[in-house]
Amino acid sequence: MLTISAAEVDRALTFPGLVETLRAAFRDGAVQPVRHHHTVERPDGAASTLLLMPAWTDFNAAGTSAGGHIGVKIVTVSPDNNAVGKPAVMGLYLLLDGTTGEPQALIDGQRLTQWRTACASALAASYLAREDASRLLVVGAGALSPFLAKAHSAVRPIKNIRIWNRTPANAEKVAAKLRAEGFAAEAAGDLDAELGQADIVSSATITTMPLIKGALLKPGTHVDLVGGFTPAMRESDDDAIVRARVYVDTRAGATKEAGDIVQPLASGVLKPEAIVADLYELTRGQKKGRQNDDEITLFKSVGAALEDLAAGIAVCRANVGQRGSRGVGE
């Protein structure tokens, strides 16, 4: 069994490459039960969340019983980690042989999650953002934010990246890191002003009070909501939902777990039939994405185990090749 570090994940993937891997994965499909949520109460501080995300190759759809893979991601989300200088999200990904169940790889789950989450957003943007979108606003300065900036830049001609965070110094750190890699990135001060200028707004926070105000969005904006993963978390307000054509990564996940979708559905602001499409329907050409340059589009991602499976297989195959040994897919 391979043990694959975060650095090895980075060497194995590219943003354009993983976007196309995910496009093929959603088009082909996989079996992915809705993930398990468990609240881990703590005597002091905020509770942690334990997430279990299984998926396996859809043998019936593939028409073969040969090959295939099973994967499961184990993730913890601990909001208080920020106070001790650690990421809120921790995790591991276990990839197994689909026929025998033999462990094939144990992959750094935090890094795998960052890559696949950002590239799923970029995949959606390839259908939903204007072709000429050049100004990107990233809301939140956590570990995911530079990945989102680079992933969106892989599918649209981004010329200007603005990073906003409640703590300005953290936004500047992310912007400086991106500038060091050749991106035109700056920290942003006034979120409301930035919302009115962005072509793409990509938000990755765990707020329960909406930050993305729909009334401030200009025509043609694409909103990418990544952070909220429980019904209580919400990054956008009702105005954003009302003004936008709404899309999700998976209907089953978003309508059960995502506050940005669950709350408007409960209040009647959003009707179930108003969710235009998910990534399965977009990648298979069953539903259309952006219709014109003036409409506002909104994509809500809660994360799909299929994404981890596809990315995990890609990482494992790359590392098998680099290490010169036989393994996944051989």
# chains A, B, ... in the order shown; residues from 1 in each chain; ligands from 1
>>> closest_atom_pairs(of="range 21-64 of chain A", to="range 124-129 of chain A", cutoff="12 Å", atoms="only C-alpha atoms", output="Markdown table")
| residue | atom | partner | partner_atom | distance |
| --- | --- | --- | --- | --- |
| A:Leu22 | CA | A:Ala124 | CA | 10.3 |
| A:Arg23 | CA | A:Ala124 | CA | 9.3 |
| A:Phe26 | CA | A:Ala124 | CA | 11.3 |
>>> residues_around(residues="Ala55 in chain A", least_positions_apart="2", cutoff="7 Å", atoms="only C-alpha atoms", output="PyMOL selection string")
chain A and resi 30-33+53+70-72+305-306+309
>>> closest_atom_pairs(of="range 158-207 of chain A", to="range 222-240 of chain A", cutoff="7 Å", atoms="only C-alpha atoms", output="JSON lines")
{"residue": "A:Asp199", "atom": "CA", "partner": "A:His222", "partner_atom": "CA", "distance": 6.3}
{"residue": "A:Ile200", "atom": "CA", "partner": "A:His222", "partner_atom": "CA", "distance": 4.8}
{"residue": "A:Val201", "atom": "CA", "partner": "A:Val223", "partner_atom": "CA", "distance": 4.8}
{"residue": "A:Ser202", "atom": "CA", "partner": "A:Asp224", "partner_atom": "CA", "distance": 4.5}
{"residue": "A:Ser203", "atom": "CA", "partner": "A:Leu225", "partner_atom": "CA", "distance": 5.1}
{"residue": "A:Ala204", "atom": "CA", "partner": "A:Gly227", "partner_atom": "CA", "distance": 4.0}
{"residue": "A:Thr205", "atom": "CA", "partner": "A:Gly227", "partner_atom": "CA", "distance": 4.5}
{"residue": "A:Ile206", "atom": "CA", "partner": "A:Gly228", "partner_atom": "CA", "distance": 5.3}
{"residue": "A:Thr207", "atom": "CA", "partner": "A:Met233", "partner_atom": "CA", "distance": 5.8}
>>> atom_distance(atom1="CA of Glu257 in chain A", atom2="CA of Thr49 in chain A")
12.9 Å
>>> residues_around(residues="Pro146 in chain A", least_positions_apart="4", cutoff="10 Å", atoms="only C-alpha atoms", output="PyMOL selection string")
chain A and resi 114+118+138+140-142+150-151+163+174-175+177-178
>>> atom_distance(atom1="CA of Tyr247 in chain A", atom2="CA of Phe299 in chain A")
4.7 Å
>>> residues_around(residues="Thr113 in chain A", least_positions_apart="3", cutoff="9 Å", atoms="only C-alpha atoms", output="number ranges by chain")
A: 91, 108-110, 116-118, 144, 303, 307-308, 311
>>> write_last_selection(atoms="C-alpha atoms", output="tab-separated table (two decimals), in the first residue's frame")
chain	number	residue	atom	x	y	z
A	91	GLY	CA	-8.50	14.05	6.80
A	108	ASP	CA	-3.26	13.00	2.55
A	109	GLY	CA	-6.99	13.78	2.69
A	110	GLN	CA	-6.63	17.46	3.47
A	116	ARG	CA	-10.84	18.31	-5.77
A	117	THR	CA	-13.02	20.99	-4.14
A	118	ALA	CA	-11.37	23.80	-6.05
A	144	LEU	CA	-8.64	26.39	0.34
A	303	GLY	CA	-18.57	18.02	-1.87
A	307	GLU	CA	-14.72	13.73	-6.65
A	308	ASP	CA	-12.45	12.20	-4.01
A	311	ALA	CA	-8.86	12.46	-7.68
>>> closest_residue(among="A:Gly101, A:Gly312, A:Pro219, A:Gly182", to="Glu8 in chain A", atoms="only C-alpha atoms")
A:Gly312
>>> select_by_dssp(residues="range 41-263 of chain A", states="helix (DSSP H, G or I)", output="PyMOL selection string")
chain A and resi 59-62+79-84+109-128+145-155+168-180+191-195+214-216+238-243+251-257+259-263
>>> closest_residue(among="A:Arg111, A:Lys256, A:Arg11, A:Lys159", to="Phe183 in chain A", atoms="only C-alpha atoms")
A:Lys159
>>> residues_around(residues="Lys288 in chain A", least_positions_apart="3", cutoff="10 Å", atoms="only C-alpha atoms", output="list in words")
Tyr127, Leu128, Val276, Ala277, Glu281, Leu282, Thr283, Arg284, Gly285 and Gln291 of chain A
>>> closest_residue(among="A:Asp28, A:Glu295, A:Asp10, A:Asp97", to="Leu279 in chain A", atoms="only C-alpha atoms")
A:Asp28
>>> decode(residues="range 75-91 of chain A", atoms="all heavy atoms", output="PDB file, in the first residue's frame")
ATOM      1  N   VAL A  75     -12.914  12.652   7.400  1.00  0.00           N
ATOM      2  CA  VAL A  75     -12.608  14.068   7.578  1.00  0.00           C
ATOM      3  C   VAL A  75     -13.102  14.544   8.935  1.00  0.00           C
ATOM      4  O   VAL A  75     -14.179  14.136   9.392  1.00  0.00           O
ATOM      5  CB  VAL A  75     -13.279  14.920   6.476  1.00  0.00           C
ATOM      6  CG1 VAL A  75     -13.005  16.401   6.690  1.00  0.00           C
ATOM      7  CG2 VAL A  75     -12.802  14.491   5.105  1.00  0.00           C
ATOM      8  N   THR A  76     -12.331  15.396   9.576  1.00  0.00           N
ATOM      9  CA  THR A  76     -12.805  16.109  10.757  1.00  0.00           C
ATOM     10  C   THR A  76     -12.747  17.607  10.477  1.00  0.00           C
ATOM     11  O   THR A  76     -11.828  18.090   9.814  1.00  0.00           O
ATOM     12  CB  THR A  76     -11.958  15.806  12.009  1.00  0.00           C
ATOM     13  OG1 THR A  76     -10.584  16.134  11.745  1.00  0.00           O
ATOM     14  CG2 THR A  76     -12.073  14.339  12.391  1.00  0.00           C
ATOM     15  N   VAL A  77     -13.762  18.314  10.941  1.00  0.00           N
ATOM     16  CA  VAL A  77     -13.795  19.774  10.848  1.00  0.00           C
ATOM     17  C   VAL A  77     -13.873  20.312  12.266  1.00  0.00           C
ATOM     18  O   VAL A  77     -14.860  20.101  12.972  1.00  0.00           O
ATOM     19  CB  VAL A  77     -14.995  20.257  10.020  1.00  0.00           C
ATOM     20  CG1 VAL A  77     -14.945  21.775   9.880  1.00  0.00           C
ATOM     21  CG2 VAL A  77     -15.010  19.590   8.651  1.00  0.00           C
ATOM     22  N   SER A  78     -12.821  20.994  12.692  1.00  0.00           N
ATOM     23  CA  SER A  78     -12.716  21.506  14.067  1.00  0.00           C
ATOM     24  C   SER A  78     -12.520  23.016  14.011  1.00  0.00           C
ATOM     25  O   SER A  78     -11.392  23.495  13.808  1.00  0.00           O
ATOM     26  CB  SER A  78     -11.550  20.835  14.798  1.00  0.00           C
ATOM     27  OG  SER A  78     -11.701  19.424  14.797  1.00  0.00           O
ATOM     28  N   PRO A  79     -13.577  23.799  14.162  1.00  0.00           N
ATOM     29  CA  PRO A  79     -13.484  25.252  13.999  1.00  0.00           C
ATOM     30  C   PRO A  79     -12.457  25.919  14.907  1.00  0.00           C
ATOM     31  O   PRO A  79     -11.858  26.928  14.532  1.00  0.00           O
ATOM     32  CB  PRO A  79     -14.906  25.732  14.331  1.00  0.00           C
ATOM     33  CG  PRO A  79     -15.775  24.559  14.043  1.00  0.00           C
ATOM     34  CD  PRO A  79     -14.971  23.356  14.412  1.00  0.00           C
ATOM     35  N   ASP A  80     -12.232  25.371  16.099  1.00  0.00           N
ATOM     36  CA  ASP A  80     -11.306  26.011  17.036  1.00  0.00           C
ATOM     37  C   ASP A  80      -9.839  25.811  16.670  1.00  0.00           C
ATOM     38  O   ASP A  80      -8.954  26.381  17.317  1.00  0.00           O
ATOM     39  CB  ASP A  80     -11.545  25.470  18.456  1.00  0.00           C
ATOM     40  CG  ASP A  80     -12.861  25.960  19.041  1.00  0.00           C
ATOM     41  OD1 ASP A  80     -13.458  26.881  18.453  1.00  0.00           O
ATOM     42  OD2 ASP A  80     -13.306  25.412  20.074  1.00  0.00           O
ATOM     43  N   ASN A  81      -9.556  25.019  15.653  1.00  0.00           N
ATOM     44  CA  ASN A  81      -8.166  24.795  15.261  1.00  0.00           C
ATOM     45  C   ASN A  81      -7.464  26.076  14.836  1.00  0.00           C
ATOM     46  O   ASN A  81      -6.244  26.205  14.977  1.00  0.00           O
ATOM     47  CB  ASN A  81      -8.089  23.787  14.109  1.00  0.00           C
ATOM     48  CG  ASN A  81      -8.199  22.348  14.577  1.00  0.00           C
ATOM     49  OD1 ASN A  81      -8.454  22.100  15.746  1.00  0.00           O
ATOM     50  ND2 ASN A  81      -8.015  21.410  13.671  1.00  0.00           N
ATOM     51  N   ASN A  82      -8.232  27.016  14.303  1.00  0.00           N
ATOM     52  CA  ASN A  82      -7.617  28.274  13.869  1.00  0.00           C
ATOM     53  C   ASN A  82      -6.900  28.975  15.011  1.00  0.00           C
ATOM     54  O   ASN A  82      -5.885  29.646  14.813  1.00  0.00           O
ATOM     55  CB  ASN A  82      -8.681  29.199  13.272  1.00  0.00           C
ATOM     56  CG  ASN A  82      -9.240  28.657  11.964  1.00  0.00           C
ATOM     57  OD1 ASN A  82      -8.542  27.984  11.229  1.00  0.00           O
ATOM     58  ND2 ASN A  82     -10.507  28.943  11.698  1.00  0.00           N
ATOM     59  N   ALA A  83      -7.426  28.819  16.217  1.00  0.00           N
ATOM     60  CA  ALA A  83      -6.839  29.498  17.381  1.00  0.00           C
ATOM     61  C   ALA A  83      -5.487  28.915  17.766  1.00  0.00           C
ATOM     62  O   ALA A  83      -4.705  29.560  18.468  1.00  0.00           O
ATOM     63  CB  ALA A  83      -7.795  29.414  18.570  1.00  0.00           C
ATOM     64  N   VAL A  84      -5.202  27.700  17.313  1.00  0.00           N
ATOM     65  CA  VAL A  84      -3.916  27.070  17.640  1.00  0.00           C
ATOM     66  C   VAL A  84      -3.052  26.896  16.395  1.00  0.00           C
ATOM     67  O   VAL A  84      -2.113  26.110  16.368  1.00  0.00           O
ATOM     68  CB  VAL A  84      -4.122  25.697  18.343  1.00  0.00           C
ATOM     69  CG1 VAL A  84      -4.746  25.902  19.711  1.00  0.00           C
ATOM     70  CG2 VAL A  84      -4.975  24.755  17.500  1.00  0.00           C
ATOM     71  N   GLY A  85      -3.387  27.647  15.353  1.00  0.00           N
ATOM     72  CA  GLY A  85      -2.566  27.662  14.154  1.00  0.00           C
ATOM     73  C   GLY A  85      -2.646  26.413  13.302  1.00  0.00           C
ATOM     74  O   GLY A  85      -1.715  26.111  12.549  1.00  0.00           O
ATOM     75  N   LYS A  86      -3.757  25.679  13.396  1.00  0.00           N
ATOM     76  CA  LYS A  86      -3.924  24.469  12.592  1.00  0.00           C
ATOM     77  C   LYS A  86      -5.142  24.617  11.684  1.00  0.00           C
ATOM     78  O   LYS A  86      -6.096  25.326  12.015  1.00  0.00           O
ATOM     79  CB  LYS A  86      -4.093  23.235  13.496  1.00  0.00           C
ATOM     80  CG  LYS A  86      -2.868  22.890  14.324  1.00  0.00           C
ATOM     81  CD  LYS A  86      -3.103  21.633  15.146  1.00  0.00           C
ATOM     82  CE  LYS A  86      -1.887  21.305  16.012  1.00  0.00           C
ATOM     83  NZ  LYS A  86      -0.727  20.936  15.173  1.00  0.00           N
ATOM     84  N   PRO A  87      -5.126  23.948  10.524  1.00  0.00           N
ATOM     85  CA  PRO A  87      -6.295  24.017   9.635  1.00  0.00           C
ATOM     86  C   PRO A  87      -7.530  23.421  10.300  1.00  0.00           C
ATOM     87  O   PRO A  87      -7.435  22.467  11.072  1.00  0.00           O
ATOM     88  CB  PRO A  87      -5.866  23.172   8.425  1.00  0.00           C
ATOM     89  CG  PRO A  87      -4.369  23.116   8.494  1.00  0.00           C
ATOM     90  CD  PRO A  87      -4.024  23.165   9.944  1.00  0.00           C
ATOM     91  N   ALA A  88      -8.682  23.977   9.976  1.00  0.00           N
ATOM     92  CA  ALA A  88      -9.930  23.464  10.541  1.00  0.00           C
ATOM     93  C   ALA A  88     -10.258  22.075  10.006  1.00  0.00           C
ATOM     94  O   ALA A  88     -10.882  21.271  10.692  1.00  0.00           O
ATOM     95  CB  ALA A  88     -11.072  24.425  10.238  1.00  0.00           C
ATOM     96  N   VAL A  89      -9.837  21.796   8.770  1.00  0.00           N
ATOM     97  CA  VAL A  89     -10.184  20.534   8.122  1.00  0.00           C
ATOM     98  C   VAL A  89      -8.978  19.595   8.113  1.00  0.00           C
ATOM     99  O   VAL A  89      -7.894  19.960   7.658  1.00  0.00           O
ATOM    100  CB  VAL A  89     -10.665  20.764   6.677  1.00  0.00           C
ATOM    101  CG1 VAL A  89     -11.032  19.447   6.004  1.00  0.00           C
ATOM    102  CG2 VAL A  89     -11.864  21.707   6.675  1.00  0.00           C
ATOM    103  N   MET A  90      -9.170  18.390   8.622  1.00  0.00           N
ATOM    104  CA  MET A  90      -8.153  17.344   8.610  1.00  0.00           C
ATOM    105  C   MET A  90      -8.753  16.099   7.976  1.00  0.00           C
ATOM    106  O   MET A  90      -9.971  15.882   8.031  1.00  0.00           O
ATOM    107  CB  MET A  90      -7.690  17.000  10.037  1.00  0.00           C
ATOM    108  CG  MET A  90      -7.121  18.162  10.819  1.00  0.00           C
ATOM    109  SD  MET A  90      -5.440  18.541  10.301  1.00  0.00           S
ATOM    110  CE  MET A  90      -4.945  19.646  11.638  1.00  0.00           C
ATOM    111  N   GLY A  91      -7.916  15.257   7.367  1.00  0.00           N
ATOM    112  CA  GLY A  91      -8.502  14.051   6.805  1.00  0.00           C
ATOM    113  C   GLY A  91      -7.506  13.133   6.130  1.00  0.00           C
ATOM    114  O   GLY A  91      -6.359  13.508   5.853  1.00  0.00           O
TER     115      GLY A  91
END
